[in-house]
$ cat coords.txt   # compact mmCIF, N, CA and C atoms
# COMPACT_ATOMS: atom_id res chain seq x y z
N MET A 8 50.72 135.51 130.76
CA MET A 8 50.30 134.20 131.20
C MET A 8 50.10 133.26 130.00
N TRP A 9 49.40 133.74 128.97
CA TRP A 9 49.12 132.88 127.82
C TRP A 9 50.39 132.55 127.06
N LEU A 10 51.31 133.52 126.99
CA LEU A 10 52.58 133.25 126.30
C LEU A 10 53.38 132.18 127.03
N ASN A 11 53.37 132.25 128.36
CA ASN A 11 54.09 131.23 129.13
C ASN A 11 53.44 129.85 128.98
N LEU A 12 52.14 129.82 128.90
CA LEU A 12 51.44 128.56 128.67
C LEU A 12 51.79 128.00 127.28
N GLY A 13 51.87 128.88 126.30
CA GLY A 13 52.28 128.46 124.96
C GLY A 13 53.71 127.95 124.93
N ARG A 14 54.60 128.61 125.66
CA ARG A 14 55.99 128.14 125.74
C ARG A 14 56.05 126.75 126.37
N LEU A 15 55.27 126.55 127.43
CA LEU A 15 55.23 125.24 128.07
C LEU A 15 54.71 124.17 127.11
N LEU A 16 53.70 124.52 126.34
CA LEU A 16 53.17 123.60 125.34
C LEU A 16 54.24 123.25 124.30
N MET A 17 55.01 124.25 123.87
CA MET A 17 56.07 124.00 122.88
C MET A 17 57.16 123.09 123.45
N ILE A 18 57.48 123.25 124.73
CA ILE A 18 58.46 122.36 125.36
C ILE A 18 57.94 120.92 125.33
N CYS A 19 56.65 120.74 125.61
CA CYS A 19 56.06 119.40 125.58
C CYS A 19 56.08 118.82 124.16
N VAL A 20 55.79 119.64 123.17
CA VAL A 20 55.79 119.17 121.78
C VAL A 20 57.21 118.77 121.37
N TRP A 21 58.20 119.63 121.65
CA TRP A 21 59.59 119.29 121.33
C TRP A 21 60.01 118.00 122.04
N ALA A 22 59.64 117.86 123.32
CA ALA A 22 60.01 116.65 124.07
C ALA A 22 59.40 115.41 123.43
N PHE A 23 58.14 115.48 123.02
CA PHE A 23 57.48 114.35 122.38
C PHE A 23 58.17 113.99 121.07
N LEU A 24 58.48 115.02 120.26
CA LEU A 24 59.10 114.77 118.96
C LEU A 24 60.52 114.22 119.11
N LEU A 25 61.27 114.75 120.06
CA LEU A 25 62.65 114.27 120.25
C LEU A 25 62.71 112.92 120.95
N LEU A 26 61.70 112.60 121.75
CA LEU A 26 61.64 111.29 122.39
C LEU A 26 61.61 110.18 121.34
N ASN A 27 61.00 110.44 120.21
CA ASN A 27 60.93 109.46 119.14
C ASN A 27 62.33 109.12 118.60
N LEU A 28 63.25 110.06 118.66
CA LEU A 28 64.61 109.79 118.19
C LEU A 28 65.37 108.90 119.17
N VAL A 29 65.09 109.05 120.47
CA VAL A 29 65.77 108.26 121.50
C VAL A 29 65.13 106.89 121.66
N HIS A 30 63.81 106.91 121.74
CA HIS A 30 63.05 105.66 121.91
C HIS A 30 61.95 105.63 120.84
N PRO A 31 62.23 104.98 119.70
CA PRO A 31 61.25 105.02 118.58
C PRO A 31 59.90 104.44 118.96
N PHE A 32 58.88 105.11 118.46
CA PHE A 32 57.51 104.67 118.68
C PHE A 32 57.19 103.53 117.72
N PRO A 33 56.03 102.88 117.87
CA PRO A 33 55.64 101.83 116.91
C PRO A 33 55.59 102.38 115.48
N THR A 34 55.70 101.48 114.52
CA THR A 34 55.96 101.82 113.12
C THR A 34 55.08 102.90 112.51
N PRO A 35 53.76 102.83 112.51
CA PRO A 35 53.04 103.90 111.80
C PRO A 35 53.25 105.28 112.45
N LEU A 36 53.28 105.31 113.78
CA LEU A 36 53.45 106.58 114.49
C LEU A 36 54.86 107.12 114.33
N ARG A 37 55.84 106.26 114.24
CA ARG A 37 57.24 106.66 114.12
C ARG A 37 57.45 107.56 112.90
N TYR A 38 56.89 107.16 111.77
CA TYR A 38 57.09 107.93 110.55
C TYR A 38 56.36 109.27 110.61
N PHE A 39 55.18 109.27 111.19
CA PHE A 39 54.45 110.53 111.34
C PHE A 39 55.22 111.51 112.22
N VAL A 40 55.81 111.02 113.30
CA VAL A 40 56.55 111.89 114.21
C VAL A 40 57.83 112.39 113.55
N HIS A 41 58.48 111.56 112.73
CA HIS A 41 59.66 112.02 111.98
C HIS A 41 59.28 113.16 111.04
N VAL A 42 58.18 113.01 110.34
CA VAL A 42 57.73 114.06 109.42
C VAL A 42 57.36 115.32 110.22
N ALA A 43 56.69 115.16 111.35
CA ALA A 43 56.31 116.31 112.17
C ALA A 43 57.56 117.04 112.70
N LEU A 44 58.58 116.30 113.11
CA LEU A 44 59.82 116.91 113.59
C LEU A 44 60.50 117.68 112.46
N PHE A 45 60.57 117.08 111.28
CA PHE A 45 61.17 117.75 110.13
C PHE A 45 60.41 119.04 109.81
N PHE A 46 59.08 118.96 109.78
CA PHE A 46 58.25 120.12 109.49
C PHE A 46 58.43 121.21 110.54
N MET A 47 58.53 120.82 111.80
CA MET A 47 58.68 121.81 112.87
C MET A 47 60.03 122.51 112.78
N VAL A 48 61.09 121.77 112.51
CA VAL A 48 62.41 122.37 112.37
C VAL A 48 62.43 123.34 111.18
N ILE A 49 61.85 122.94 110.07
CA ILE A 49 61.81 123.80 108.89
C ILE A 49 61.00 125.07 109.16
N MET A 50 59.83 124.93 109.77
CA MET A 50 58.97 126.09 109.99
C MET A 50 59.57 127.06 111.01
N HIS A 51 60.13 126.55 112.08
CA HIS A 51 60.72 127.44 113.07
C HIS A 51 62.00 128.09 112.53
N GLY A 52 62.75 127.35 111.74
CA GLY A 52 63.91 127.94 111.08
C GLY A 52 63.50 129.03 110.10
N LEU A 53 62.42 128.79 109.37
CA LEU A 53 61.91 129.78 108.42
C LEU A 53 61.41 131.03 109.15
N GLN A 54 60.77 130.86 110.29
CA GLN A 54 60.34 132.01 111.08
C GLN A 54 61.54 132.87 111.47
N LEU A 55 62.60 132.22 111.92
CA LEU A 55 63.80 132.93 112.34
C LEU A 55 64.46 133.64 111.16
N VAL A 56 64.58 132.96 110.03
CA VAL A 56 65.19 133.56 108.84
C VAL A 56 64.37 134.76 108.37
N LEU A 57 63.06 134.63 108.35
CA LEU A 57 62.21 135.74 107.90
C LEU A 57 62.29 136.92 108.86
N LEU A 58 62.36 136.67 110.15
CA LEU A 58 62.50 137.76 111.11
C LEU A 58 63.82 138.48 110.90
N ARG A 59 64.90 137.73 110.74
CA ARG A 59 66.20 138.37 110.53
C ARG A 59 66.25 139.11 109.21
N ALA A 60 65.57 138.62 108.18
CA ALA A 60 65.59 139.27 106.88
C ALA A 60 64.75 140.54 106.85
N THR A 61 63.75 140.64 107.69
CA THR A 61 62.88 141.81 107.68
C THR A 61 63.29 142.88 108.68
N GLN A 62 64.36 142.64 109.42
CA GLN A 62 64.84 143.64 110.37
C GLN A 62 65.46 144.81 109.62
N PRO A 63 65.16 146.04 110.03
CA PRO A 63 65.82 147.19 109.40
C PRO A 63 67.32 147.17 109.70
N LYS A 64 68.07 147.86 108.87
CA LYS A 64 69.54 147.89 109.03
C LYS A 64 69.96 148.51 110.35
N ASP A 65 69.21 149.50 110.83
CA ASP A 65 69.59 150.18 112.07
C ASP A 65 69.02 149.52 113.32
N ALA A 66 68.30 148.44 113.18
CA ALA A 66 67.73 147.73 114.33
C ALA A 66 68.84 146.98 115.07
N PRO A 67 68.69 146.84 116.38
CA PRO A 67 69.70 146.07 117.12
C PRO A 67 69.70 144.61 116.67
N LYS A 68 70.89 144.02 116.64
CA LYS A 68 71.00 142.62 116.21
C LYS A 68 70.40 141.70 117.26
N LEU A 69 69.87 140.59 116.79
CA LEU A 69 69.32 139.59 117.69
C LEU A 69 70.47 138.80 118.31
N SER A 70 70.44 138.62 119.61
CA SER A 70 71.48 137.83 120.26
C SER A 70 71.27 136.35 119.97
N GLY A 71 72.29 135.57 120.22
CA GLY A 71 72.18 134.13 120.00
C GLY A 71 71.12 133.48 120.88
N ALA A 72 71.03 133.95 122.12
CA ALA A 72 70.02 133.41 123.04
C ALA A 72 68.61 133.73 122.54
N THR A 73 68.42 134.95 122.04
CA THR A 73 67.11 135.33 121.52
C THR A 73 66.76 134.51 120.29
N GLN A 74 67.74 134.29 119.42
CA GLN A 74 67.49 133.47 118.24
C GLN A 74 67.14 132.04 118.61
N ALA A 75 67.83 131.49 119.61
CA ALA A 75 67.53 130.12 120.05
C ALA A 75 66.12 130.04 120.65
N LYS A 76 65.75 131.05 121.44
CA LYS A 76 64.40 131.05 122.02
C LYS A 76 63.34 131.16 120.93
N ILE A 77 63.60 131.98 119.92
CA ILE A 77 62.64 132.09 118.81
C ILE A 77 62.55 130.78 118.05
N PHE A 78 63.69 130.10 117.87
CA PHE A 78 63.66 128.82 117.16
C PHE A 78 62.87 127.77 117.95
N PHE A 79 63.10 127.68 119.25
CA PHE A 79 62.45 126.63 120.04
C PHE A 79 60.99 126.94 120.38
N PHE A 80 60.68 128.19 120.66
CA PHE A 80 59.32 128.53 121.09
C PHE A 80 58.45 129.08 119.97
N GLY A 81 59.04 129.40 118.82
CA GLY A 81 58.29 129.82 117.66
C GLY A 81 57.51 131.10 117.85
N VAL A 82 56.25 131.07 117.48
CA VAL A 82 55.42 132.27 117.46
C VAL A 82 55.21 132.83 118.86
N PHE A 83 55.26 132.00 119.88
CA PHE A 83 55.07 132.50 121.25
C PHE A 83 56.21 133.44 121.63
N GLU A 84 57.42 133.08 121.28
CA GLU A 84 58.56 133.95 121.56
C GLU A 84 58.57 135.16 120.65
N LEU A 85 58.12 135.00 119.41
CA LEU A 85 58.01 136.15 118.51
C LEU A 85 57.03 137.18 119.06
N LEU A 86 55.92 136.73 119.60
CA LEU A 86 54.95 137.65 120.18
C LEU A 86 55.52 138.36 121.41
N ALA A 87 56.26 137.63 122.24
CA ALA A 87 56.89 138.25 123.41
C ALA A 87 57.95 139.26 122.98
N TRP A 88 58.73 138.91 121.97
CA TRP A 88 59.77 139.81 121.46
C TRP A 88 59.14 141.06 120.87
N GLN A 89 58.05 140.91 120.12
CA GLN A 89 57.37 142.04 119.52
C GLN A 89 56.77 142.94 120.61
N LYS A 90 56.19 142.34 121.63
CA LYS A 90 55.62 143.10 122.72
C LYS A 90 56.68 143.92 123.46
N LYS A 91 57.87 143.35 123.58
CA LYS A 91 58.96 144.02 124.28
C LYS A 91 59.53 145.17 123.46
N HIS A 92 59.70 144.97 122.15
CA HIS A 92 60.35 145.95 121.31
C HIS A 92 59.41 146.95 120.65
N TYR A 93 58.16 146.57 120.47
CA TYR A 93 57.16 147.44 119.86
C TYR A 93 55.90 147.44 120.73
N PRO A 94 55.95 148.10 121.88
CA PRO A 94 54.83 147.97 122.85
C PRO A 94 53.52 148.61 122.39
N LYS A 95 53.53 149.52 121.44
CA LYS A 95 52.28 150.20 121.07
C LYS A 95 51.56 149.52 119.92
N MET A 96 52.06 148.41 119.42
CA MET A 96 51.42 147.73 118.29
C MET A 96 50.29 146.87 118.76
$ encode --input "coords.txt" --output "structure tokens"
Amino acid sequence: MWLNLGRLLMICVWAFLLLNLVHPFPTPLRYFVHVALFFMVIMHGLQLVLLRATQPKDAPKLSGATQAKIFFFGVFELLAWQKKHYPKM
């Protein structure tokens, strides 16, 4: 339940940040949202790169859909993925 709530929250955050690209907000807020979008893309990309780099060689490869979900939902999807693949942790 909490993971789904977190995913919903991330959808709202992405929608807010991307709305600024389609319909720019007033000047001071516009720049803050651009910086927040840049930071979010970098951090979620870094999460994905670090996950892929720390996978053992014999681990199953991450599918494209899984990688996209991890990029968009961030830590919430990482927690769900970890729960699915390592249930006793």
$ select_by_dssp --input "coords.txt" --residues "region 18-94 of chain A" --states "alpha helix (DSSP H)" --output "PyMOL selection string"
chain A and resi 18-29+34-61+71-80+82-92
$ residues_near_point --input "coords.txt" --point "(64.4, 113.9, 120.6)" --cutoff "12 Å" --atoms "only C-alpha atoms" --output "list in words"
Ile18, Cys19, Val20, Trp21, Ala22, Phe23, Leu24, Leu25, Leu26, Asn27, Leu28, Val29, His30, Pro31, Phe32, Val40, His41, Ala43, Leu44, Phe45 and Val48 of chain A
$ closest_residue --input "coords.txt" --among "A:Gly13, A:Pro67, A:Pro35, A:Gly81" --to "Leu55 (chain A)" --atoms "only N, CA and C atoms"
A:Gly81
$ closest_residue --input "coords.txt" --among "A:Met8, A:Leu16, A:Met50, A:Leu36" --to "Phe78 (chain A)" --atoms "only C-alpha atoms"
A:Met50
$ atom_distance --input "coords.txt" --atom1 "atom C of Val82 (chain A)" --atom2 "atom N of Arg14 (chain A)"
8.0 Å
$ residues_around --input "coords.txt" --residues "Trp88 (chain A)" --least-positions-apart "5" --cutoff "10 Å" --atoms "only C-alpha atoms" --output "compact mmCIF listing (two decimals) with N, CA and C atoms, in the coordinates of the input"
# COMPACT_ATOMS: atom_id res chain seq x y z
N THR A 73 68.42 134.95 122.04
CA THR A 73 67.11 135.33 121.52
C THR A 73 66.76 134.51 120.29
N LYS A 76 65.75 131.05 121.44
CA LYS A 76 64.40 131.05 122.02
C LYS A 76 63.34 131.16 120.93
N ILE A 77 63.60 131.98 119.92
CA ILE A 77 62.64 132.09 118.81
C ILE A 77 62.55 130.78 118.05
N VAL A 82 56.25 131.07 117.48
CA VAL A 82 55.42 132.27 117.46
C VAL A 82 55.21 132.83 118.86
N PHE A 83 55.26 132.00 119.88
CA PHE A 83 55.07 132.50 121.25
C PHE A 83 56.21 133.44 121.63
N TYR A 93 58.16 146.57 120.47
CA TYR A 93 57.16 147.44 119.86
C TYR A 93 55.90 147.44 120.73
N PRO A 94 55.95 148.10 121.88
CA PRO A 94 54.83 147.97 122.85
C PRO A 94 53.52 148.61 122.39
$ build_atoms --input "coords.txt" --residues "region 28-39 of chain A" --atoms "all heavy atoms" --output "tab-separated table (two decimals), keeping the file's coordinate frame"
chain	number	residue	atom	x	y	z
A	28	LEU	N	63.25	110.06	118.66
A	28	LEU	CA	64.61	109.79	118.19
A	28	LEU	C	65.37	108.90	119.17
A	28	LEU	O	66.19	108.08	118.77
A	28	LEU	CB	65.38	111.10	117.99
A	28	LEU	CG	64.83	112.03	116.92
A	28	LEU	CD1	65.65	113.31	116.88
A	28	LEU	CD2	64.83	111.35	115.56
A	29	VAL	N	65.09	109.05	120.47
A	29	VAL	CA	65.77	108.26	121.50
A	29	VAL	C	65.13	106.89	121.66
A	29	VAL	O	65.81	105.88	121.72
A	29	VAL	CB	65.75	109.03	122.84
A	29	VAL	CG1	66.39	108.22	123.95
A	29	VAL	CG2	66.45	110.37	122.69
A	30	HIS	N	63.81	106.91	121.74
A	30	HIS	CA	63.05	105.66	121.91
A	30	HIS	C	61.95	105.63	120.84
A	30	HIS	O	60.88	106.20	121.04
A	30	HIS	CB	62.43	105.63	123.32
A	30	HIS	CG	61.64	104.40	123.59
A	30	HIS	ND1	62.21	103.18	123.79
A	30	HIS	CD2	60.30	104.22	123.69
A	30	HIS	CE1	61.26	102.29	124.00
A	30	HIS	NE2	60.09	102.90	123.94
A	31	PRO	N	62.23	104.98	119.70
A	31	PRO	CA	61.25	105.02	118.58
A	31	PRO	C	59.90	104.44	118.96
A	31	PRO	O	59.79	103.45	119.68
A	31	PRO	CB	61.92	104.16	117.51
A	31	PRO	CG	63.36	104.14	117.85
A	31	PRO	CD	63.43	104.25	119.35
A	32	PHE	N	58.88	105.11	118.46
A	32	PHE	CA	57.51	104.67	118.68
A	32	PHE	C	57.19	103.53	117.72
A	32	PHE	O	57.97	103.22	116.83
A	32	PHE	CB	56.55	105.84	118.44
A	32	PHE	CG	56.77	106.99	119.39
A	32	PHE	CD1	56.79	108.29	118.93
A	32	PHE	CD2	56.96	106.79	120.75
A	32	PHE	CE1	56.99	109.36	119.78
A	32	PHE	CE2	57.17	107.84	121.62
A	32	PHE	CZ	57.18	109.13	121.13
A	33	PRO	N	56.03	102.88	117.87
A	33	PRO	CA	55.64	101.83	116.91
A	33	PRO	C	55.59	102.38	115.48
A	33	PRO	O	55.44	103.57	115.25
A	33	PRO	CB	54.25	101.41	117.39
A	33	PRO	CG	54.20	101.80	118.82
A	33	PRO	CD	55.07	103.00	118.95
A	34	THR	N	55.70	101.48	114.52
A	34	THR	CA	55.96	101.82	113.12
A	34	THR	C	55.08	102.90	112.51
A	34	THR	O	55.62	103.86	111.99
A	34	THR	CB	55.93	100.55	112.26
A	34	THR	OG1	56.88	99.64	112.78
A	34	THR	CG2	56.25	100.87	110.82
A	35	PRO	N	53.76	102.83	112.51
A	35	PRO	CA	53.04	103.90	111.80
A	35	PRO	C	53.25	105.28	112.45
A	35	PRO	O	53.40	106.28	111.77
A	35	PRO	CB	51.58	103.50	111.84
A	35	PRO	CG	51.50	102.23	112.59
A	35	PRO	CD	52.86	101.83	113.03
A	36	LEU	N	53.28	105.31	113.78
A	36	LEU	CA	53.45	106.58	114.49
A	36	LEU	C	54.86	107.12	114.33
A	36	LEU	O	55.05	108.33	114.25
A	36	LEU	CB	53.10	106.38	115.97
A	36	LEU	CG	53.19	107.62	116.86
A	36	LEU	CD1	52.21	108.69	116.37
A	36	LEU	CD2	52.90	107.25	118.30
A	37	ARG	N	55.84	106.26	114.24
A	37	ARG	CA	57.24	106.66	114.12
A	37	ARG	C	57.45	107.56	112.90
A	37	ARG	O	58.10	108.59	113.00
A	37	ARG	CB	58.13	105.42	114.01
A	37	ARG	CG	59.59	105.75	113.82
A	37	ARG	CD	60.43	104.52	113.59
A	37	ARG	NE	60.03	103.44	114.48
A	37	ARG	CZ	60.33	102.16	114.27
A	37	ARG	NH1	61.02	101.81	113.21
A	37	ARG	NH2	59.95	101.23	115.10
A	38	TYR	N	56.89	107.16	111.77
A	38	TYR	CA	57.09	107.93	110.55
A	38	TYR	C	56.36	109.27	110.61
A	38	TYR	O	56.87	110.28	110.13
A	38	TYR	CB	56.65	107.12	109.33
A	38	TYR	CG	57.44	105.84	109.20
A	38	TYR	CD1	56.79	104.61	109.15
A	38	TYR	CD2	58.82	105.86	109.16
A	38	TYR	CE1	57.51	103.44	109.05
A	38	TYR	CE2	59.55	104.70	109.06
A	38	TYR	CZ	58.89	103.48	109.00
A	38	TYR	OH	59.60	102.33	108.91
A	39	PHE	N	55.18	109.27	111.19
A	39	PHE	CA	54.45	110.53	111.34
A	39	PHE	C	55.22	111.51	112.22
A	39	PHE	O	55.30	112.70	111.91
A	39	PHE	CB	53.06	110.26	111.95
A	39	PHE	CG	52.35	111.52	112.34
A	39	PHE	CD1	51.81	112.35	111.37
A	39	PHE	CD2	52.24	111.88	113.67
A	39	PHE	CE1	51.16	113.52	111.73
A	39	PHE	CE2	51.60	113.04	114.03
A	39	PHE	CZ	51.05	113.86	113.06
